[in-house]
$ cat upload.cif   # mmCIF, C-alpha atoms and all ligand atoms
data_run
loop_
_atom_site.label_atom_id
_atom_site.label_comp_id
_atom_site.auth_asym_id
_atom_site.auth_seq_id
_atom_site.Cartn_x
_atom_site.Cartn_y
_atom_site.Cartn_z
CA MET A 196 0.00 0.00 0.00
CA PRO A 197 1.90 3.10 -1.16
CA PHE A 198 0.93 5.76 1.33
CA VAL A 199 2.85 9.01 1.49
CA VAL A 200 2.90 11.25 4.56
CA TYR A 201 3.29 14.54 2.71
CA GLU A 202 3.17 16.88 5.65
CA GLU A 203 3.26 16.91 9.41
CA LYS A 204 0.32 17.46 11.67
CA MET A 205 -0.47 21.14 12.07
CA ASP A 206 -0.99 22.56 15.55
CA HIS A 207 -4.55 23.65 14.99
CA GLU A 208 -5.85 20.39 13.50
CA SER A 209 -7.20 17.39 15.35
CA ALA A 210 -5.81 13.88 14.83
CA LYS A 211 -8.84 13.05 12.69
CA GLU A 212 -8.44 16.15 10.53
CA PHE A 213 -4.78 15.32 10.00
CA ALA A 214 -5.58 11.72 8.99
CA LEU A 215 -8.34 12.97 6.69
CA ARG A 216 -6.09 15.52 5.01
CA VAL A 217 -3.25 13.05 4.34
CA LEU A 218 -5.57 10.24 3.22
CA LYS A 219 -7.49 12.50 0.88
CA ARG A 220 -4.31 13.80 -0.67
CA ASN A 221 -3.06 10.25 -1.27
CA ILE A 222 -6.34 9.30 -2.91
CA MET A 223 -6.55 12.45 -5.04
CA ARG A 224 -2.98 12.13 -6.21
CA LEU A 225 -3.48 8.45 -7.03
CA ASP A 226 -0.73 7.32 -4.66
CA MET A 227 -3.44 5.06 -3.32
CA LEU A 228 -5.04 3.62 -6.41
CA PRO A 229 -8.75 3.08 -7.08
CA GLY A 230 -9.73 -0.35 -5.77
CA GLU A 231 -6.71 -0.66 -3.48
CA ALA A 232 -7.16 -2.12 0.03
CA ILE A 233 -6.56 0.23 2.94
CA SER A 234 -5.10 -0.93 6.23
CA GLU A 235 -6.34 1.19 9.10
CA LYS A 236 -3.58 -0.23 11.30
CA GLU A 237 -0.78 0.61 8.88
CA ILE A 238 -2.02 4.14 8.31
CA ALA A 239 -2.31 4.74 12.06
CA LYS A 240 1.29 3.57 12.41
CA GLU A 241 2.58 5.74 9.55
CA LEU A 242 0.83 8.81 10.95
CA ASP A 243 1.75 7.99 14.53
CA LEU A 244 -1.89 8.11 15.61
CA SER A 245 -4.26 5.73 17.32
CA ARG A 246 -6.71 3.82 15.15
CA THR A 247 -9.81 5.76 16.20
CA PRO A 248 -9.07 9.04 14.36
CA VAL A 249 -8.02 7.05 11.28
CA ARG A 250 -11.30 5.13 11.40
CA GLU A 251 -13.25 8.39 11.73
CA ALA A 252 -11.39 9.88 8.78
CA LEU A 253 -12.16 6.79 6.68
CA LEU A 254 -15.84 7.06 7.61
CA GLU A 255 -15.91 10.63 6.43
CA LEU A 256 -14.19 9.67 3.18
CA SER A 257 -16.80 6.97 2.64
CA ARG A 258 -19.51 9.64 2.87
CA GLU A 259 -17.67 11.51 0.11
CA HIS A 260 -17.63 8.30 -2.00
CA LEU A 261 -13.83 8.15 -1.95
CA VAL A 262 -13.59 5.04 0.21
CA ASP A 263 -15.77 1.92 0.42
CA ILE A 264 -16.11 0.27 3.80
CA TYR A 265 -17.19 -3.39 3.89
CA PRO A 266 -17.85 -3.98 7.61
CA GLN A 267 -15.87 -6.86 9.13
CA LYS A 268 -14.21 -7.42 5.78
CA SER A 269 -12.18 -4.70 4.19
CA THR A 270 -11.86 -1.03 3.33
CA LYS A 271 -10.91 0.00 -0.16
CA VAL A 272 -10.26 3.15 -2.14
CA SER A 273 -13.44 3.65 -4.21
CA LEU A 274 -13.28 2.96 -7.89
CA MET A 275 -13.77 5.99 -10.09
CA ASP A 276 -17.45 6.35 -10.68
CA ALA A 277 -18.48 7.86 -13.99
CA ARG A 278 -21.91 8.73 -12.51
CA ILE A 279 -20.41 10.92 -9.80
CA VAL A 280 -18.04 12.60 -12.23
CA GLU A 281 -20.97 13.24 -14.58
CA GLN A 282 -23.08 14.72 -11.78
CA GLY A 283 -20.17 16.91 -10.76
CA ARG A 284 -19.76 18.03 -14.34
CA PHE A 285 -23.48 18.83 -14.56
CA VAL A 286 -23.48 20.94 -11.40
CA ARG A 287 -20.23 22.69 -12.25
CA ALA A 288 -21.17 23.39 -15.86
CA THR A 289 -24.54 24.80 -14.79
CA VAL A 290 -23.28 26.90 -11.91
CA GLU A 291 -19.93 28.05 -13.29
CA VAL A 292 -21.47 29.18 -16.56
CA ALA A 293 -24.18 31.06 -14.64
CA ILE A 294 -21.81 32.87 -12.29
CA LEU A 295 -19.90 34.35 -15.23
CA GLU A 296 -22.84 36.63 -15.97
CA GLN A 297 -22.53 38.11 -12.52
CA ALA A 298 -18.73 38.19 -12.70
CA CYS A 299 -18.91 39.93 -16.07
CA ARG A 300 -21.18 42.64 -14.65
CA GLN A 301 -19.41 43.41 -11.43
CA MET A 302 -15.79 42.24 -11.65
CA ASP A 303 -13.36 44.97 -10.62
CA SER A 304 -9.65 45.48 -11.32
CA GLU A 305 -8.55 43.72 -8.13
CA TYR A 306 -9.93 40.41 -9.42
CA PHE A 307 -8.52 40.90 -12.90
CA GLU A 308 -5.10 41.29 -11.30
CA GLU A 309 -5.61 38.15 -9.21
CA LEU A 310 -6.59 36.15 -12.28
CA GLU A 311 -3.69 37.54 -14.26
CA GLU A 312 -1.22 36.52 -11.53
CA ASN A 313 -2.83 33.13 -11.26
CA LEU A 314 -2.44 32.59 -15.02
CA GLU A 315 1.25 33.50 -14.83
CA ARG A 316 1.68 30.84 -12.16
CA GLN A 317 -0.16 28.31 -14.31
CA ALA A 318 2.17 29.08 -17.22
CA ARG A 319 5.21 28.59 -14.97
CA CYS A 320 3.91 25.20 -13.80
CA ILE A 321 3.54 24.10 -17.41
CA GLU A 322 7.07 25.26 -18.20
CA GLU A 323 8.40 23.38 -15.20
CA ASN A 324 6.13 20.43 -15.91
CA ASP A 325 4.75 20.58 -12.37
CA LEU A 326 1.25 19.34 -13.04
CA LEU A 327 0.25 18.88 -9.44
CA LYS A 328 0.89 22.50 -8.72
CA PHE A 329 -0.95 23.35 -11.93
CA PHE A 330 -4.05 21.64 -10.44
CA THR A 331 -3.92 23.86 -7.40
CA PHE A 332 -3.78 27.00 -9.52
CA ASP A 333 -6.48 25.66 -11.84
CA ASN A 334 -8.81 25.24 -8.84
CA GLU A 335 -7.79 28.65 -7.57
CA PHE A 336 -8.64 30.25 -10.93
CA HIS A 337 -12.20 28.95 -10.65
CA GLN A 338 -12.43 30.00 -7.02
CA ILE A 339 -11.42 33.58 -7.87
CA LEU A 340 -14.29 33.75 -10.38
CA PHE A 341 -16.74 32.76 -7.62
CA ASN A 342 -15.24 35.42 -5.36
CA ALA A 343 -15.50 37.99 -8.14
CA ALA A 344 -19.21 37.19 -8.46
CA SER A 345 -19.62 37.45 -4.64
CA LEU A 346 -20.53 33.77 -4.52
CA ASP A 347 -17.66 32.41 -2.47
CA THR A 348 -19.73 30.03 -0.31
CA VAL A 349 -21.23 28.47 -3.44
CA TYR A 350 -17.72 27.41 -4.39
CA GLU A 351 -17.37 25.69 -1.03
CA VAL A 352 -20.54 23.69 -1.64
CA LEU A 353 -19.30 22.55 -5.04
CA SER A 354 -15.89 21.56 -3.70
CA ILE A 355 -17.33 18.17 -2.69
CA TYR A 356 -16.82 17.16 -6.33
CA VAL A 357 -13.23 18.37 -6.53
CA PRO A 358 -11.60 15.09 -5.37
CA HIS A 359 -13.56 13.12 -7.95
CA PHE A 360 -12.50 15.46 -10.74
CA SER A 361 -8.97 15.46 -9.43
CA ARG A 362 -8.49 11.72 -9.75
CA GLU A 363 -9.77 11.85 -13.28
CA ARG A 364 -7.51 14.78 -14.04
CA MET A 365 -4.49 13.06 -12.54
CA LEU A 366 -5.10 10.12 -14.80
CA ARG A 367 -5.80 12.36 -17.73
CA LEU A 368 -2.53 14.22 -17.35
CA GLN A 369 -0.61 11.03 -17.88
CA MET A 370 -2.02 11.03 -21.39
CA PHE A 371 -2.74 14.66 -22.18
CA ASN A 372 -1.19 17.97 -21.26
CA ALA A 373 -2.33 20.99 -19.34
CA THR A 374 -1.74 23.53 -22.10
CA GLU A 375 -5.29 23.36 -23.47
CA LEU A 376 -6.69 23.95 -19.98
CA TYR A 377 -4.42 26.95 -19.60
CA HIS A 378 -5.63 28.36 -22.93
CA ASP A 379 -9.26 27.94 -21.89
CA HIS A 380 -8.54 29.95 -18.74
CA LYS A 381 -6.82 32.64 -20.76
CA THR A 382 -9.73 32.89 -23.21
CA ILE A 383 -12.18 33.19 -20.30
CA LEU A 384 -10.16 36.00 -18.74
CA ASN A 385 -9.85 37.89 -22.04
CA ALA A 386 -13.58 37.53 -22.70
CA LEU A 387 -14.36 38.92 -19.24
CA ARG A 388 -12.06 41.85 -19.88
CA GLU A 389 -13.93 42.60 -23.09
CA LYS A 390 -17.25 42.09 -21.27
CA ASP A 391 -18.00 39.35 -23.79
CA CYS A 392 -20.00 37.23 -21.40
CA ARG A 393 -21.21 34.85 -24.10
CA ASN A 394 -17.72 33.89 -25.19
CA ALA A 395 -16.63 33.47 -21.56
CA GLN A 396 -19.60 31.16 -20.97
CA LEU A 397 -19.08 29.09 -24.12
CA THR A 398 -15.43 28.57 -23.26
CA MET A 399 -16.24 27.66 -19.66
CA ARG A 400 -18.76 25.05 -20.78
CA ARG A 401 -16.25 23.49 -23.18
CA HIS A 402 -13.60 23.63 -20.47
CA ILE A 403 -15.69 21.74 -17.92
CA ASP A 404 -16.96 19.27 -20.51
CA ARG A 405 -13.42 18.18 -21.32
CA VAL A 406 -13.36 15.95 -18.26
CA VAL A 407 -16.22 13.84 -19.58
CA CYS A 408 -15.16 13.92 -23.24
CA ASP A 409 -11.97 12.14 -22.28
CA GLN A 410 -13.56 9.71 -19.88
CA ASN A 411 -14.11 6.99 -22.44
CA ILE A 412 -10.47 7.11 -23.47
CA LEU A 413 -9.45 6.83 -19.83
CA LYS A 414 -11.83 3.96 -19.18
CA GLU A 415 -10.35 2.09 -22.07
CA ALA A 416 -6.78 2.74 -20.94
CA PHE A 417 -7.37 2.03 -17.23
CA PRO A 418 -10.44 -0.24 -17.01
CA ALA A 419 -9.51 -1.55 -13.54
CA TYR A 420 -9.90 1.91 -11.97
CA PHE A 421 -13.52 2.45 -13.01
CA THR A 422 -16.81 1.04 -11.79
CA GLN A 423 -18.39 -1.01 -14.53
CA VAL A 424 -21.82 0.38 -15.29
ZN ZN A 501 -9.95 25.09 -15.08
#

$ encode --input "upload.cif" --output "structure tokens"
Amino acid sequence: MPFVVYEEKMDHESAKEFALRVLKRNIMRLDMLPGEAISEKEIAKELDLSRTPVREALLELSREHLVDIYPQKSTKVSLMDARIVEQGRFVRATVEVAILEQACRQMDSEYFEELEENLERQARCIEENDLLKFFTFDNEFHQILFNAASLDTVYEVLSIYVPHFSRERMLRLQMFNATELYHDHKTILNALREKDCRNAQLTMRRHIDRVVCDQNILKEAFPAYFTQV
């Protein structure tokens, strides 16, 4: 079971929060692969925690459909579920396209600067081939748009789908590159600058749809990681 302890426990977090953070990161980054068995005992040992907070973290992950618990039998990393990814795409495409109207109307220079800086960081990640960091800035780009539309808590609600998209994106990046995502972001920013809401919305829809367009290719390449529907 490849399990990586990326960071140490932070002072303000509880043992359960620490276990949850590290486990989630391992699942999202595909260190722990879809379908892989999880040993509560081993994780507790690696994190230097008792088993209770690890068990609580696993329970929470099962509510997020990232872990499957078979009582008295085993605990496994959930397979990638096309239905969840599709529902996440639906919600994101609907909401993120809608918020652009508001962003287009009210976005001020402060947010344009933030987006511009974010895009520079994305470009640097591509140059340095640091795709994991690219993900972080990609998510941040979308979050700034919610902030610009004064809808920051809506972003938090949608973030439940982020881990599911992330696993798909991790897999996708082994076959594709991030440049097209970067160009989508750039087109969206330029359209907002020109107050061309329609173009911003069309590009956003295409951008979010990419995850599903490529799903069939991924399923074919990595059939063992997906639920069979
Ligand atoms: Zn994006």

$ atom_distance --input "upload.cif" --atom1 "CA of Gln317 (chain A)" --atom2 "CA of Ile383 (chain A)"
14.3 Å

$ atom_distance --input "upload.cif" --atom1 "CA of Asn313 (chain A)" --atom2 "CA of Glu202 (chain A)"
24.2 Å

$ residues_near_ligand --input "upload.cif" --ligand "ligand ZN 501 (chain A)" --cutoff "10 Å" --atoms "all atoms listed in the file" --output "PDB file with C-alpha atoms, in the frame of the given file"
ATOM      1  CA  PHE A 329      -0.950  23.350 -11.930  1.00  0.00           C
ATOM      2  CA  PHE A 330      -4.050  21.640 -10.440  1.00  0.00           C
ATOM      3  CA  THR A 331      -3.920  23.860  -7.400  1.00  0.00           C
ATOM      4  CA  PHE A 332      -3.780  27.000  -9.520  1.00  0.00           C
ATOM      5  CA  ASP A 333      -6.480  25.660 -11.840  1.00  0.00           C
ATOM      6  CA  ASN A 334      -8.810  25.240  -8.840  1.00  0.00           C
ATOM      7  CA  GLU A 335      -7.790  28.650  -7.570  1.00  0.00           C
ATOM      8  CA  PHE A 336      -8.640  30.250 -10.930  1.00  0.00           C
ATOM      9  CA  HIS A 337     -12.200  28.950 -10.650  1.00  0.00           C
ATOM     10  CA  GLN A 338     -12.430  30.000  -7.020  1.00  0.00           C
ATOM     11  CA  ALA A 373      -2.330  20.990 -19.340  1.00  0.00           C
ATOM     12  CA  GLU A 375      -5.290  23.360 -23.470  1.00  0.00           C
ATOM     13  CA  LEU A 376      -6.690  23.950 -19.980  1.00  0.00           C
ATOM     14  CA  TYR A 377      -4.420  26.950 -19.600  1.00  0.00           C
ATOM     15  CA  HIS A 378      -5.630  28.360 -22.930  1.00  0.00           C
ATOM     16  CA  ASP A 379      -9.260  27.940 -21.890  1.00  0.00           C
ATOM     17  CA  HIS A 380      -8.540  29.950 -18.740  1.00  0.00           C
ATOM     18  CA  LYS A 381      -6.820  32.640 -20.760  1.00  0.00           C
ATOM     19  CA  ILE A 383     -12.180  33.190 -20.300  1.00  0.00           C
ATOM     20  CA  MET A 399     -16.240  27.660 -19.660  1.00  0.00           C
ATOM     21  CA  HIS A 402     -13.600  23.630 -20.470  1.00  0.00           C
ATOM     22  CA  ILE A 403     -15.690  21.740 -17.920  1.00  0.00           C
ATOM     23  CA  ARG A 405     -13.420  18.180 -21.320  1.00  0.00           C
TER      24      ARG A 405
END

$ closest_residue --input "upload.cif" --among "A:Ala318, A:Val199, A:Ala419, A:Leu353" --to "Asp226 (chain A)" --atoms "all atoms listed in the file"
A:Val199

$ residues_around --input "upload.cif" --residues "region 254-260 of chain A" --least-positions-apart "4" --cutoff "8 Å" --atoms "all atoms listed in the file" --output "list in words"
Leu215, Lys219, Arg250, Ile264, Ser273 and Ile355 of chain A

$ write_last_selection --input "upload.cif" --atoms "C-alpha atoms" --output "PDB file, in the frame of the given file"
ATOM      1  CA  LEU A 215      -8.340  12.970   6.690  1.00  0.00           C
ATOM      2  CA  LYS A 219      -7.490  12.500   0.880  1.00  0.00           C
ATOM      3  CA  ARG A 250     -11.300   5.130  11.400  1.00  0.00           C
ATOM      4  CA  ILE A 264     -16.110   0.270   3.800  1.00  0.00           C
ATOM      5  CA  SER A 273     -13.440   3.650  -4.210  1.00  0.00           C
ATOM      6  CA  ILE A 355     -17.330  18.170  -2.690  1.00  0.00           C
TER       7      ILE A 355
END

$ atom_distance --input "upload.cif" --atom1 "CA of Glu208 (chain A)" --atom2 "CA of Met365 (chain A)"
27.1 Å

$ build_atoms --input "upload.cif" --residues "region 368-402 of chain A" --atoms "N, CA and C atoms" --output "JSON list (two decimals), in the coordinates of the input"
[["chain", "number", "residue", "atom", "x", "y", "z"],
["A", 368, "LEU", "N", -3.79, 13.54, -17.08],
["A", 368, "LEU", "CA", -2.53, 14.22, -17.35],
["A", 368, "LEU", "C", -1.41, 13.26, -17.72],
["A", 369, "GLN", "N", -1.62, 11.99, -17.43],
["A", 369, "GLN", "CA", -0.61, 11.03, -17.88],
["A", 369, "GLN", "C", -0.71, 10.84, -19.40],
["A", 370, "MET", "N", -1.82, 11.24, -19.95],
["A", 370, "MET", "CA", -2.02, 11.03, -21.39],
["A", 370, "MET", "C", -2.13, 12.34, -22.18],
["A", 371, "PHE", "N", -2.53, 13.39, -21.50],
["A", 371, "PHE", "CA", -2.74, 14.66, -22.18],
["A", 371, "PHE", "C", -1.86, 15.72, -21.52],
["A", 372, "ASN", "N", -1.94, 16.93, -21.98],
["A", 372, "ASN", "CA", -1.19, 17.97, -21.26],
["A", 372, "ASN", "C", -2.09, 19.11, -20.81],
["A", 373, "ALA", "N", -1.52, 19.96, -19.99],
["A", 373, "ALA", "CA", -2.33, 20.99, -19.34],
["A", 373, "ALA", "C", -2.48, 22.25, -20.19],
["A", 374, "THR", "N", -1.77, 22.29, -21.31],
["A", 374, "THR", "CA", -1.74, 23.53, -22.10],
["A", 374, "THR", "C", -3.15, 23.95, -22.56],
["A", 375, "GLU", "N", -3.95, 22.98, -22.97],
["A", 375, "GLU", "CA", -5.29, 23.36, -23.47],
["A", 375, "GLU", "C", -6.15, 23.93, -22.33],
["A", 376, "LEU", "N", -5.94, 23.41, -21.12],
["A", 376, "LEU", "CA", -6.69, 23.95, -19.98],
["A", 376, "LEU", "C", -6.27, 25.40, -19.72],
["A", 377, "TYR", "N", -4.96, 25.61, -19.79],
["A", 377, "TYR", "CA", -4.42, 26.95, -19.60],
["A", 377, "TYR", "C", -5.01, 27.93, -20.64],
["A", 378, "HIS", "N", -5.08, 27.49, -21.88],
["A", 378, "HIS", "CA", -5.63, 28.36, -22.93],
["A", 378, "HIS", "C", -7.11, 28.65, -22.72],
["A", 379, "ASP", "N", -7.85, 27.68, -22.22],
["A", 379, "ASP", "CA", -9.26, 27.94, -21.89],
["A", 379, "ASP", "C", -9.34, 29.07, -20.85],
["A", 380, "HIS", "N", -8.52, 28.94, -19.81],
["A", 380, "HIS", "CA", -8.54, 29.95, -18.74],
["A", 380, "HIS", "C", -8.22, 31.34, -19.31],
["A", 381, "LYS", "N", -7.24, 31.36, -20.17],
["A", 381, "LYS", "CA", -6.82, 32.64, -20.76],
["A", 381, "LYS", "C", -7.96, 33.25, -21.60],
["A", 382, "THR", "N", -8.61, 32.40, -22.38],
["A", 382, "THR", "CA", -9.73, 32.89, -23.21],
["A", 382, "THR", "C", -10.85, 33.43, -22.32],
["A", 383, "ILE", "N", -11.12, 32.73, -21.21],
["A", 383, "ILE", "CA", -12.18, 33.19, -20.30],
["A", 383, "ILE", "C", -11.82, 34.57, -19.73],
["A", 384, "LEU", "N", -10.58, 34.71, -19.31],
["A", 384, "LEU", "CA", -10.16, 36.00, -18.74],
["A", 384, "LEU", "C", -10.26, 37.13, -19.78],
["A", 385, "ASN", "N", -9.78, 36.86, -20.98],
["A", 385, "ASN", "CA", -9.85, 37.89, -22.04],
["A", 385, "ASN", "C", -11.29, 38.27, -22.35],
["A", 386, "ALA", "N", -12.16, 37.26, -22.40],
["A", 386, "ALA", "CA", -13.58, 37.53, -22.70],
["A", 386, "ALA", "C", -14.19, 38.40, -21.60],
["A", 387, "LEU", "N", -13.82, 38.12, -20.34],
["A", 387, "LEU", "CA", -14.36, 38.92, -19.24],
["A", 387, "LEU", "C", -13.87, 40.37, -19.33],
["A", 388, "ARG", "N", -12.62, 40.51, -19.71],
["A", 388, "ARG", "CA", -12.06, 41.85, -19.88],
["A", 388, "ARG", "C", -12.83, 42.65, -20.92],
["A", 389, "GLU", "N", -13.19, 41.93, -22.00],
["A", 389, "GLU", "CA", -13.93, 42.60, -23.09],
["A", 389, "GLU", "C", -15.43, 42.64, -22.83],
["A", 390, "LYS", "N", -15.82, 42.18, -21.64],
["A", 390, "LYS", "CA", -17.25, 42.09, -21.27],
["A", 390, "LYS", "C", -18.04, 41.25, -22.28],
["A", 391, "ASP", "N", -17.36, 40.27, -22.84],
["A", 391, "ASP", "CA", -18.00, 39.35, -23.79],
["A", 391, "ASP", "C", -18.44, 38.11, -23.01],
["A", 392, "CYS", "N", -19.54, 38.27, -22.31],
["A", 392, "CYS", "CA", -20.00, 37.23, -21.40],
["A", 392, "CYS", "C", -20.28, 35.92, -22.14],
["A", 393, "ARG", "N", -20.84, 36.04, -23.34],
["A", 393, "ARG", "CA", -21.21, 34.85, -24.10],
["A", 393, "ARG", "C", -19.99, 33.99, -24.43],
["A", 394, "ASN", "N", -18.94, 34.64, -24.86],
["A", 394, "ASN", "CA", -17.72, 33.89, -25.19],
["A", 394, "ASN", "C", -17.11, 33.25, -23.93],
["A", 395, "ALA", "N", -17.14, 34.01, -22.83],
["A", 395, "ALA", "CA", -16.63, 33.47, -21.56],
["A", 395, "ALA", "C", -17.43, 32.22, -21.19],
["A", 396, "GLN", "N", -18.75, 32.29, -21.35],
["A", 396, "GLN", "CA", -19.60, 31.16, -20.97],
["A", 396, "GLN", "C", -19.40, 29.95, -21.87],
["A", 397, "LEU", "N", -19.29, 30.21, -23.18],
["A", 397, "LEU", "CA", -19.08, 29.09, -24.12],
["A", 397, "LEU", "C", -17.77, 28.37, -23.82],
["A", 398, "THR", "N", -16.74, 29.17, -23.53],
["A", 398, "THR", "CA", -15.43, 28.57, -23.26],
["A", 398, "THR", "C", -15.45, 27.79, -21.95],
["A", 399, "MET", "N", -16.15, 28.35, -20.94],
["A", 399, "MET", "CA", -16.24, 27.66, -19.66],
["A", 399, "MET", "C", -16.95, 26.31, -19.82],
["A", 400, "ARG", "N", -18.02, 26.31, -20.59],
["A", 400, "ARG", "CA", -18.76, 25.05, -20.78],
["A", 400, "ARG", "C", -17.86, 24.00, -21.44],
["A", 401, "ARG", "N", -17.15, 24.43, -22.48],
["A", 401, "ARG", "CA", -16.25, 23.49, -23.18],
["A", 401, "ARG", "C", -15.15, 23.00, -22.23],
["A", 402, "HIS", "N", -14.66, 23.93, -21.42],
["A", 402, "HIS", "CA", -13.60, 23.63, -20.47],
["A", 402, "HIS", "C", -14.03, 22.54, -19.48]]
